[in-house]
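Q: After the structure tokens below, expect a handful of questions from me.
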Amino acid sequence: MNVSLTFKGVADFDGFNMDRAFLRAEKFTLKSSSYSVSGSLRLVGFKSPNLDASLHLPALEPSDWENLLGKRWNVHLPQSDCEFDADISSADIYLRRFTIVAGSLNGSAEGEISLPKNSFPQARLAVSVSDFPLDFADSIFPPVKVYRLKGTVSASAQVNGTFKQMRIENSTFSAENFSSRIFGVREKARHLDFASLDNFAKMSFHARDSEVRTASNTFSKVNGNFLLLNKRDLRIRSLYFKWKGSVFRGKGRVFPLPKPRMVAIAGSINKIDYEQVENFLEQMRNLDSQEKSHSARLPQAGESWQKRWVRQFKSFIPKKFPNTMGGIHIGEIVQNDFFVKNVNLLWKLQGVTPRLNHLSGEAGITLGKGEVKDIESLQKSHKLLKIIFLPYVYMHKMNSLSVLSAAKAYPKTLDFNEIQGEYGIRNGVITTRFSYVNGPELIAYAQGKADFAKEKIDMSVLTRLTHYSAPLPEWWVDELGRPAIGFRVTGDLNHPDVEPRLSKIKAGEIEGDVKRGRREERIRFRSLRRLKF
């Protein structure tokens, strides 16, 4: 390779005293067959010189990096100007200052570069970039063009290693007015912060005033604070966002990444519109089906969605779903056929699969004051609720028919003050440890089993009306003469059989069962209520 050097300047060898000799080139040009470098420099001391230079460098393409460093980088660096101040010895370069301006890229560095014999140079540097416009990143690194990056970025990092294999040890990153499109999801953020320590063993991420759009849904006012430990343990220190009138606040943990075995959540939601959530889940399911990310099967031509309800539910569950635990408070839930306030959910589940036959764990739910507006419609659309409301429907029919009011035998609405339930799950079989309904018109208590894998049920129910229209038969009242009956629900989960209990309900039987169930529930769920991440 032919190389030529021209320069204009001054040299002073100070009587061949190499420690004090200096060279100053006001202008020089270094040319080869492929590159041309020009600039000015000042060199003081020839044994261990101090070099202060200002250079104009040519544009560098991916093939140029391979020629220079022995490694191909898909990086297109435009013509650039750089300045540096360095102390040089036979084995090391101490970089006091280095700056580079390449188009919109403005970077700097300082540190040490070792020059071992017969191997690649090694560097330990502190580098930084300030106010870099991300839309310029497309021209430097073309693969990122698909992400449609916008905004400005400032970053700093401690790097260590050879020029062929560099490792980032500690880094910080901040972005202003950031936006992107990744995997079909659009993100915007007024401010993002990122920091890593110990070669990414600890990473923190903070987003403020962000927005995420996916499947015609917008999550706005997103604020999150995340911590990732050992590249596997994700701690969600705080998360806040708004979606269609709902506000979520929470924290959590996901472990390990990238294929988590456990997800824990604790949080609150002010309001949920049931239909909006169903629509969103359906949209997500269709997207997942299109991308073949799980095995949910779309209906074929001419095939109806009128499958048994449990199978419809199962089709929404991915093949691989992590174990999960947590607690959520919901201020209110609205649906076309019901309304409820102060919902509390607690759960600890494992073995979640589409077949549900390995599902195990426990769950608890408490509903505050609410109203069912259309019991019949709700039962038709959600078959599990048919079992929940069966005690009330059964007693209402008896009460109405006892005074020959067949036209009003089926109840239209139901108000309730509280509904509470606790459930244990083992190999897909749900044991209702206790379920309690308390309302102006009835109280009810239930316990038993529901096998979701086989779609079978076997539950015992006690129910009592708070008032009645006329005297009832002897077997329809409890020991105090109140309209009450116990019965067993068995058979197909979709079309269960009802078997009335032959013995009377005792005076305080329901209240006693509820008191015992609540006491045991408080003990079992004590740790979940104190979740910390």
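Ordering of the structure tokens sets the chain letters (A, B, ...); residue numbers start at 1 within each chain; ligands are numbered from 1 in the order shown.
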Compile the contact shell of Ser238 of chain A as a list in words: residues with an atom at most 9 Å away, counting only C-alpha atoms, same-chain residues fewer than 6 positions apart removed.

A: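 Using only C-alpha atoms, the neighbours found are Asn223, Gly224, Asn225, Phe226, Arg249, Gly250, Lys251 and Gly252 of chain A.
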
Q: Would you kindly return, as a list in words, each protein, DNA or RNA residue with an atom no farther than 10 Å from any atom of Arg524 of chain A, considering only C-alpha atoms and excluding same-chain residues fewer than 6 positions away?

A: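 Near neighbours after the sequence-gap exclusion: Glu362, Ala363, Gly364, Glu422 and Arg518 of chain A.
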
Q: Since we have the selection now, will you write its residues out, keeping N, CA, C and O atoms, as an mmCIF file, in the first residue's frame?

A:
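Done, and the output landed in part_35.cif:
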data_model
loop_
_atom_site.group_PDB
_atom_site.id
_atom_site.type_symbol
_atom_site.label_atom_id
_atom_site.label_comp_id
_atom_site.auth_asym_id
_atom_site.auth_seq_id
_atom_site.Cartn_x
_atom_site.Cartn_y
_atom_site.Cartn_z
ATOM 1 N N GLU A 362 -54.221 -21.202 44.593
ATOM 2 C CA GLU A 362 -55.362 -20.710 45.349
ATOM 3 C C GLU A 362 -55.695 -19.295 44.900
ATOM 4 O O GLU A 362 -54.851 -18.576 44.350
ATOM 5 N N ALA A 363 -56.953 -18.891 45.132
ATOM 6 C CA ALA A 363 -57.405 -17.561 44.731
ATOM 7 C C ALA A 363 -58.511 -17.112 45.656
ATOM 8 O O ALA A 363 -59.241 -17.922 46.243
ATOM 9 N N GLY A 364 -58.617 -15.801 45.804
ATOM 10 C CA GLY A 364 -59.679 -15.227 46.622
ATOM 11 C C GLY A 364 -60.241 -13.987 45.960
ATOM 12 O O GLY A 364 -59.526 -13.255 45.275
ATOM 13 N N GLU A 422 -63.330 -17.929 48.286
ATOM 14 C CA GLU A 422 -61.950 -18.398 48.354
ATOM 15 C C GLU A 422 -61.889 -19.781 47.737
ATOM 16 O O GLU A 422 -62.768 -20.633 47.994
ATOM 17 N N ARG A 518 -63.855 -17.079 56.576
ATOM 18 C CA ARG A 518 -63.109 -15.817 56.566
ATOM 19 C C ARG A 518 -61.865 -15.896 57.442
ATOM 20 O O ARG A 518 -60.814 -15.350 57.085
#

Q: From segment 86-291 of chain A, collect each residue whose DSSP state is strand (DSSP E) and return the set as a PyMOL selection string.

A: chain A and resi 86-88+92-102+105-114+122-133+150-162+166-182+185-197+202-214+217-229+233-243+246-255+262-269+272-273

Q: Have a look at atom CA of Val153 of chain A and atom CA of Phe178 of chain A and let me know their distance in Å, one decimal.

A: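 Going from atom CA of Val153 of chain A over to atom CA of Phe178 of chain A covers 8.4 Å.
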
Q: For the structure I just gave you, how does DSSP split segment 8-156 of chain A - specifically, which residues are helix (DSSP H, G or I)? Reply as a PyMOL selection string.

A: chain A and resi 62-69+134-140+142-147

Q: Based on the selection just made, write N, CA and C atoms of those residues as a compact mmCIF listing (two decimals), in the first residue's frame.

A:
# COMPACT_ATOMS: atom_id res chain seq x y z
N PRO A 62 -18.85 -0.05 6.09
CA PRO A 62 -18.61 -1.32 6.80
C PRO A 62 -17.33 -2.04 6.38
N SER A 63 -17.01 -2.02 5.10
CA SER A 63 -15.78 -2.70 4.64
C SER A 63 -14.53 -2.00 5.16
N ASP A 64 -14.61 -0.68 5.37
CA ASP A 64 -13.46 0.06 5.89
C ASP A 64 -13.15 -0.35 7.33
N TRP A 65 -14.18 -0.57 8.14
CA TRP A 65 -13.95 -0.99 9.53
C TRP A 65 -13.21 -2.33 9.57
N GLU A 66 -13.57 -3.21 8.64
CA GLU A 66 -12.92 -4.52 8.62
C GLU A 66 -11.44 -4.38 8.27
N ASN A 67 -11.12 -3.48 7.35
CA ASN A 67 -9.73 -3.26 6.98
C ASN A 67 -8.94 -2.64 8.14
N LEU A 68 -9.59 -1.73 8.88
CA LEU A 68 -8.89 -1.01 9.94
C LEU A 68 -8.79 -1.79 11.24
N LEU A 69 -9.89 -2.47 11.62
CA LEU A 69 -9.97 -3.08 12.95
C LEU A 69 -10.06 -4.60 12.91
N LEU A 134 -32.11 11.01 16.90
CA LEU A 134 -32.26 9.61 16.52
C LEU A 134 -32.66 9.42 15.06
N ASP A 135 -33.29 10.41 14.44
CA ASP A 135 -33.63 10.24 13.04
C ASP A 135 -32.37 10.21 12.16
N PHE A 136 -31.23 10.67 12.70
CA PHE A 136 -29.95 10.59 11.99
C PHE A 136 -29.35 9.19 12.11
N ALA A 137 -29.85 8.40 13.08
CA ALA A 137 -29.30 7.06 13.30
C ALA A 137 -29.53 6.15 12.10
N ASP A 138 -30.60 6.39 11.31
CA ASP A 138 -30.88 5.56 10.14
C ASP A 138 -29.71 5.55 9.17
N SER A 139 -29.10 6.73 8.95
CA SER A 139 -28.01 6.82 7.97
C SER A 139 -26.72 6.22 8.50
N ILE A 140 -26.54 6.22 9.83
CA ILE A 140 -25.33 5.63 10.40
C ILE A 140 -25.45 4.12 10.53
N PRO A 142 -28.18 1.49 9.32
CA PRO A 142 -29.42 1.25 8.57
C PRO A 142 -30.40 0.26 9.18
N PRO A 143 -29.98 -0.81 9.88
CA PRO A 143 -30.96 -1.75 10.43
C PRO A 143 -31.99 -1.13 11.37
N VAL A 144 -31.70 0.03 11.98
CA VAL A 144 -32.65 0.62 12.92
C VAL A 144 -33.73 1.41 12.21
N LYS A 145 -33.64 1.54 10.89
CA LYS A 145 -34.63 2.34 10.17
C LYS A 145 -36.04 1.82 10.36
N VAL A 146 -36.18 0.50 10.47
CA VAL A 146 -37.50 -0.12 10.62
C VAL A 146 -38.19 0.31 11.91
N TYR A 147 -37.43 0.78 12.92
CA TYR A 147 -38.01 1.16 14.20
C TYR A 147 -38.51 2.60 14.24

Q: So that I can see what lies close to Leu197 of chain A, please list as a short mmCIF file (atom, residue, chain, number, x, y, z; two decimals) with C-alpha atoms, in the first residue's frame the residues with an atom at most 8 Å from it, counting only C-alpha atoms and leaving out residues fewer than 5 positions away in the same chain.

A:
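Output file result.cif follows:
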data_model
loop_
_atom_site.label_atom_id
_atom_site.label_comp_id
_atom_site.auth_asym_id
_atom_site.auth_seq_id
_atom_site.Cartn_x
_atom_site.Cartn_y
_atom_site.Cartn_z
CA GLU A 169 -19.25 -2.04 31.80
CA ASN A 170 -21.25 0.94 33.10
CA SER A 171 -23.53 3.19 31.08
CA LYS A 202 -27.74 -4.30 37.20
CA MET A 203 -29.92 -2.15 34.92
#

Q: Near Ala11 of chain A, within 9 Å and counting only C-alpha atoms, which residues show up once chain neighbours fewer than 2 positions away are dropped, as a list in words?

A: Gly9, Phe13, Ala21, Phe22, Leu23, Arg24 and Ala25 of chain A

Q: Pick from A:Ile510, A:Leu281, A:Ile425, A:Ile375: nearest to Lys449 of chain A, with only C-alpha atoms counted?

A: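 Among the listed residues, A:Ile425 lies closest to Lys449 of chain A.
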
Q: Which is closest to Leu227 of chain A among A:Ser196, A:Thr29, A:Asn336, A:Ser38, if we use only C-alpha atoms?

A: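 Distance minimum relative to Leu227 of chain A lands on A:Ser196.
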
Q: Using only C-alpha atoms, pick whichever of A:Arg232, A:Lys454, A:Lys341, A:Lys8 has the shortest atom-to-atom distance to Arg261 of chain A.

A: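 Nearest candidate to Arg261 of chain A out of A:Arg232, A:Lys454, A:Lys341, A:Lys8: A:Arg232.
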
Q: Ranking A:Val185, A:Val212, A:Leu462, A:Leu41 by minimum distance to Lys242 of chain A and counting only C-alpha atoms, which one comes first?

A: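 For Lys242 of chain A, the nearest of the candidates is A:Val212.
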
Q: Tell me which protein, DNA and RNA residues are within 12 Å of Cys82 of chain A, counting only C-alpha atoms, leaving out same-chain ones fewer than 4 positions away, and put them as a PyMOL selection string.

A: chain A and resi 37-41+52-58+97-103+105-109

Q: Restricted to N, CA, C and O atoms, what would the selected residues look like written as an mmCIF file, in the first residue's frame?

A:
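This went into again.cif:
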data_model
loop_
_atom_site.group_PDB
_atom_site.id
_atom_site.type_symbol
_atom_site.label_atom_id
_atom_site.label_comp_id
_atom_site.auth_asym_id
_atom_site.auth_seq_id
_atom_site.Cartn_x
_atom_site.Cartn_y
_atom_site.Cartn_z
ATOM 1 N N VAL A 37 -6.324 11.616 5.210
ATOM 2 C CA VAL A 37 -6.522 12.278 6.494
ATOM 3 C C VAL A 37 -5.746 13.590 6.466
ATOM 4 O O VAL A 37 -4.566 13.617 6.086
ATOM 5 N N SER A 38 -6.383 14.682 6.870
ATOM 6 C CA SER A 38 -5.707 15.977 6.908
ATOM 7 C C SER A 38 -5.960 16.635 8.250
ATOM 8 O O SER A 38 -6.864 16.234 8.996
ATOM 9 N N GLY A 39 -5.161 17.658 8.554
ATOM 10 C CA GLY A 39 -5.356 18.361 9.811
ATOM 11 C C GLY A 39 -4.095 19.065 10.254
ATOM 12 O O GLY A 39 -3.216 19.386 9.447
ATOM 13 N N SER A 40 -4.007 19.293 11.566
ATOM 14 C CA SER A 40 -2.833 19.928 12.164
ATOM 15 C C SER A 40 -2.480 19.178 13.434
ATOM 16 O O SER A 40 -3.342 18.499 14.027
ATOM 17 N N LEU A 41 -1.200 19.294 13.865
ATOM 18 C CA LEU A 41 -0.811 18.577 15.070
ATOM 19 C C LEU A 41 0.378 19.272 15.725
ATOM 20 O O LEU A 41 1.096 20.060 15.105
ATOM 21 N N ASP A 52 -1.024 16.537 20.413
ATOM 22 C CA ASP A 52 -2.241 17.349 20.380
ATOM 23 C C ASP A 52 -2.568 17.552 18.912
ATOM 24 O O ASP A 52 -1.753 18.138 18.170
ATOM 25 N N ALA A 53 -3.741 17.062 18.458
ATOM 26 C CA ALA A 53 -4.013 17.080 17.025
ATOM 27 C C ALA A 53 -5.468 17.430 16.742
ATOM 28 O O ALA A 53 -6.364 17.211 17.564
ATOM 29 N N SER A 54 -5.674 17.963 15.550
ATOM 30 C CA SER A 54 -7.003 18.232 15.009
ATOM 31 C C SER A 54 -7.038 17.613 13.624
ATOM 32 O O SER A 54 -6.205 17.954 12.762
ATOM 33 N N LEU A 55 -7.981 16.668 13.399
ATOM 34 C CA LEU A 55 -7.981 15.867 12.175
ATOM 35 C C LEU A 55 -9.310 15.960 11.444
ATOM 36 O O LEU A 55 -10.379 16.085 12.071
ATOM 37 N N HIS A 56 -9.221 15.862 10.119
ATOM 38 C CA HIS A 56 -10.405 15.710 9.270
ATOM 39 C C HIS A 56 -10.335 14.310 8.669
ATOM 40 O O HIS A 56 -9.385 13.989 7.933
ATOM 41 N N LEU A 57 -11.338 13.456 9.005
ATOM 42 C CA LEU A 57 -11.301 12.039 8.631
ATOM 43 C C LEU A 57 -12.282 11.751 7.511
ATOM 44 O O LEU A 57 -13.352 12.369 7.421
ATOM 45 N N PRO A 58 -11.990 10.766 6.665
ATOM 46 C CA PRO A 58 -12.908 10.414 5.565
ATOM 47 C C PRO A 58 -14.106 9.628 6.085
ATOM 48 O O PRO A 58 -14.117 9.118 7.204
ATOM 49 N N ARG A 97 -8.025 13.767 26.150
ATOM 50 C CA ARG A 97 -9.241 14.342 25.575
ATOM 51 C C ARG A 97 -9.386 13.856 24.145
ATOM 52 O O ARG A 97 -8.418 13.811 23.384
ATOM 53 N N PHE A 98 -10.627 13.471 23.772
ATOM 54 C CA PHE A 98 -10.926 13.123 22.402
ATOM 55 C C PHE A 98 -12.357 13.575 22.103
ATOM 56 O O PHE A 98 -13.282 13.268 22.859
ATOM 57 N N THR A 99 -12.539 14.321 21.027
ATOM 58 C CA THR A 99 -13.881 14.736 20.598
ATOM 59 C C THR A 99 -14.032 14.446 19.117
ATOM 60 O O THR A 99 -13.047 14.495 18.349
ATOM 61 N N ILE A 100 -15.265 14.128 18.711
ATOM 62 C CA ILE A 100 -15.542 13.869 17.297
ATOM 63 C C ILE A 100 -16.894 14.471 16.945
ATOM 64 O O ILE A 100 -17.856 14.388 17.722
ATOM 65 N N VAL A 101 -16.956 15.078 15.783
ATOM 66 C CA VAL A 101 -18.198 15.601 15.226
ATOM 67 C C VAL A 101 -18.352 14.997 13.843
ATOM 68 O O VAL A 101 -17.522 15.238 12.958
ATOM 69 N N ALA A 102 -19.410 14.163 13.682
ATOM 70 C CA ALA A 102 -19.674 13.515 12.395
ATOM 71 C C ALA A 102 -21.142 13.740 12.058
ATOM 72 O O ALA A 102 -22.018 13.041 12.574
ATOM 73 N N GLY A 103 -21.408 14.729 11.214
ATOM 74 C CA GLY A 103 -22.796 15.082 10.948
ATOM 75 C C GLY A 103 -23.443 15.568 12.224
ATOM 76 O O GLY A 103 -22.970 16.516 12.866
ATOM 77 N N LEU A 105 -23.660 13.703 14.906
ATOM 78 C CA LEU A 105 -23.061 12.971 16.017
ATOM 79 C C LEU A 105 -21.989 13.829 16.682
ATOM 80 O O LEU A 105 -21.065 14.314 16.029
ATOM 81 N N ASN A 106 -22.126 14.000 17.993
ATOM 82 C CA ASN A 106 -21.166 14.781 18.771
ATOM 83 C C ASN A 106 -20.748 13.938 19.970
ATOM 84 O O ASN A 106 -21.504 13.766 20.926
ATOM 85 N N GLY A 107 -19.512 13.377 19.907
ATOM 86 C CA GLY A 107 -19.074 12.467 20.960
ATOM 87 C C GLY A 107 -17.731 12.854 21.544
ATOM 88 O O GLY A 107 -16.988 13.672 20.988
ATOM 89 N N SER A 108 -17.409 12.256 22.693
ATOM 90 C CA SER A 108 -16.128 12.513 23.348
ATOM 91 C C SER A 108 -15.678 11.258 24.078
ATOM 92 O O SER A 108 -16.483 10.351 24.347
ATOM 93 N N ALA A 109 -14.384 11.215 24.417
ATOM 94 C CA ALA A 109 -13.834 10.052 25.129
ATOM 95 C C ALA A 109 -12.566 10.453 25.860
ATOM 96 O O ALA A 109 -11.906 11.442 25.514
#

Q: Neighbours of segment 319-329 of chain A within 6 Å (only C-alpha atoms; same-chain residues fewer than 4 positions away dropped), as an MDAnalysis selection string?

A: chainID A and resid 260:268 343:350 352:353

Q: The selected residues should be written to file as a compact mmCIF listing (two decimals), in the first residue's frame (atoms: all heavy atoms).

A:
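What follows is the written file selection07.txt:
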# COMPACT_ATOMS: atom_id res chain seq x y z
N PRO A 260 -39.98 -16.24 31.43
CA PRO A 260 -40.28 -16.21 32.86
C PRO A 260 -41.04 -17.44 33.34
O PRO A 260 -41.89 -17.99 32.65
CB PRO A 260 -41.15 -14.94 33.01
CG PRO A 260 -41.71 -14.72 31.65
CD PRO A 260 -40.69 -15.19 30.68
N ARG A 261 -40.68 -17.86 34.55
CA ARG A 261 -41.42 -18.94 35.23
C ARG A 261 -42.35 -18.38 36.29
O ARG A 261 -43.22 -19.09 36.78
CB ARG A 261 -40.43 -19.91 35.88
CG ARG A 261 -39.57 -20.69 34.90
CD ARG A 261 -38.83 -21.82 35.58
NE ARG A 261 -37.97 -21.35 36.65
CZ ARG A 261 -36.69 -21.00 36.49
NH1 ARG A 261 -36.14 -21.06 35.29
NH2 ARG A 261 -35.97 -20.57 37.51
N MET A 262 -42.16 -17.10 36.66
CA MET A 262 -42.99 -16.52 37.71
C MET A 262 -43.24 -15.04 37.43
O MET A 262 -42.33 -14.31 37.05
CB MET A 262 -42.31 -16.68 39.07
CG MET A 262 -43.18 -16.28 40.27
SD MET A 262 -43.17 -14.51 40.64
CE MET A 262 -41.51 -14.34 41.30
N VAL A 263 -44.49 -14.62 37.58
CA VAL A 263 -44.88 -13.21 37.46
C VAL A 263 -45.69 -12.85 38.70
O VAL A 263 -46.66 -13.54 39.03
CB VAL A 263 -45.72 -12.96 36.19
CG1 VAL A 263 -46.23 -11.52 36.17
CG2 VAL A 263 -44.92 -13.26 34.94
N ALA A 264 -45.26 -11.79 39.40
CA ALA A 264 -45.97 -11.33 40.60
C ALA A 264 -46.43 -9.89 40.38
O ALA A 264 -45.69 -9.08 39.82
CB ALA A 264 -45.07 -11.43 41.83
N ILE A 265 -47.65 -9.58 40.82
CA ILE A 265 -48.24 -8.26 40.60
C ILE A 265 -48.95 -7.81 41.86
O ILE A 265 -49.62 -8.61 42.53
CB ILE A 265 -49.25 -8.29 39.44
CG1 ILE A 265 -48.60 -8.76 38.13
CG2 ILE A 265 -49.89 -6.92 39.23
CD1 ILE A 265 -49.59 -9.02 37.02
N ALA A 266 -48.83 -6.52 42.18
CA ALA A 266 -49.64 -5.90 43.23
C ALA A 266 -50.01 -4.52 42.74
O ALA A 266 -49.14 -3.75 42.31
CB ALA A 266 -48.86 -5.82 44.54
N GLY A 267 -51.31 -4.19 42.77
CA GLY A 267 -51.68 -2.89 42.24
C GLY A 267 -53.15 -2.57 42.43
O GLY A 267 -53.87 -3.27 43.14
N SER A 268 -53.57 -1.49 41.78
CA SER A 268 -54.96 -1.04 41.88
C SER A 268 -55.40 -0.45 40.55
O SER A 268 -54.59 0.08 39.79
CB SER A 268 -55.11 0.01 42.98
OG SER A 268 -54.42 1.20 42.65
N VAL A 343 -63.65 -4.23 44.31
CA VAL A 343 -63.31 -5.62 44.02
C VAL A 343 -61.86 -5.86 44.45
O VAL A 343 -60.96 -5.09 44.11
CB VAL A 343 -63.47 -5.93 42.53
CG1 VAL A 343 -63.07 -7.37 42.23
CG2 VAL A 343 -64.89 -5.66 42.08
N ASN A 344 -61.63 -6.93 45.21
CA ASN A 344 -60.28 -7.31 45.63
C ASN A 344 -59.99 -8.73 45.17
O ASN A 344 -60.77 -9.65 45.44
CB ASN A 344 -60.14 -7.22 47.15
CG ASN A 344 -60.13 -5.79 47.64
OD1 ASN A 344 -59.17 -5.06 47.44
ND2 ASN A 344 -61.22 -5.37 48.27
N LEU A 345 -58.88 -8.89 44.45
CA LEU A 345 -58.48 -10.19 43.94
C LEU A 345 -57.12 -10.58 44.52
O LEU A 345 -56.20 -9.77 44.56
CB LEU A 345 -58.36 -10.16 42.41
CG LEU A 345 -59.61 -9.75 41.61
CD1 LEU A 345 -59.26 -9.59 40.14
CD2 LEU A 345 -60.70 -10.79 41.78
N LEU A 346 -57.00 -11.83 44.98
CA LEU A 346 -55.74 -12.39 45.45
C LEU A 346 -55.56 -13.75 44.78
O LEU A 346 -56.53 -14.50 44.65
CB LEU A 346 -55.73 -12.56 46.97
CG LEU A 346 -55.80 -11.29 47.82
CD1 LEU A 346 -56.06 -11.65 49.27
CD2 LEU A 346 -54.51 -10.48 47.70
N TRP A 347 -54.32 -14.06 44.35
CA TRP A 347 -54.13 -15.35 43.68
C TRP A 347 -52.69 -15.81 43.78
O TRP A 347 -51.77 -15.02 43.96
CB TRP A 347 -54.53 -15.25 42.21
CG TRP A 347 -53.60 -14.43 41.38
CD1 TRP A 347 -52.49 -14.85 40.71
CD2 TRP A 347 -53.65 -13.01 41.17
NE1 TRP A 347 -51.86 -13.81 40.08
CE2 TRP A 347 -52.55 -12.66 40.35
CE3 TRP A 347 -54.51 -12.01 41.60
CZ2 TRP A 347 -52.31 -11.35 39.96
CZ3 TRP A 347 -54.27 -10.70 41.20
CH2 TRP A 347 -53.19 -10.39 40.39
N LYS A 348 -52.55 -17.11 43.66
CA LYS A 348 -51.24 -17.76 43.57
C LYS A 348 -51.45 -19.03 42.77
O LYS A 348 -51.99 -20.02 43.27
CB LYS A 348 -50.69 -18.08 44.97
CG LYS A 348 -49.25 -18.59 44.95
CD LYS A 348 -48.73 -18.78 46.36
CE LYS A 348 -47.28 -19.24 46.36
NZ LYS A 348 -46.76 -19.44 47.74
N LEU A 349 -51.01 -19.01 41.48
CA LEU A 349 -51.33 -20.08 40.56
C LEU A 349 -50.07 -20.61 39.88
O LEU A 349 -49.13 -19.85 39.60
CB LEU A 349 -52.30 -19.58 39.48
CG LEU A 349 -53.62 -18.97 39.97
CD1 LEU A 349 -54.39 -18.39 38.80
CD2 LEU A 349 -54.45 -20.02 40.69
N GLN A 350 -50.07 -21.89 39.58
CA GLN A 350 -48.99 -22.51 38.83
C GLN A 350 -49.55 -23.59 37.92
O GLN A 350 -50.67 -24.06 38.13
CB GLN A 350 -47.94 -23.12 39.78
CG GLN A 350 -48.48 -24.18 40.71
CD GLN A 350 -47.45 -24.63 41.72
OE1 GLN A 350 -46.49 -23.93 42.00
NE2 GLN A 350 -47.64 -25.82 42.27
N VAL A 352 -50.31 -23.24 34.64
CA VAL A 352 -51.36 -22.72 33.77
C VAL A 352 -51.07 -23.14 32.34
O VAL A 352 -50.05 -22.79 31.75
CB VAL A 352 -51.42 -21.18 33.85
CG1 VAL A 352 -52.56 -20.65 32.96
CG2 VAL A 352 -51.63 -20.72 35.28
N THR A 353 -51.96 -23.94 31.76
CA THR A 353 -51.86 -24.38 30.37
C THR A 353 -53.25 -24.34 29.76
O THR A 353 -54.26 -24.27 30.48
CB THR A 353 -51.33 -25.83 30.28
OG1 THR A 353 -52.28 -26.72 30.89
CG2 THR A 353 -49.98 -25.97 30.96
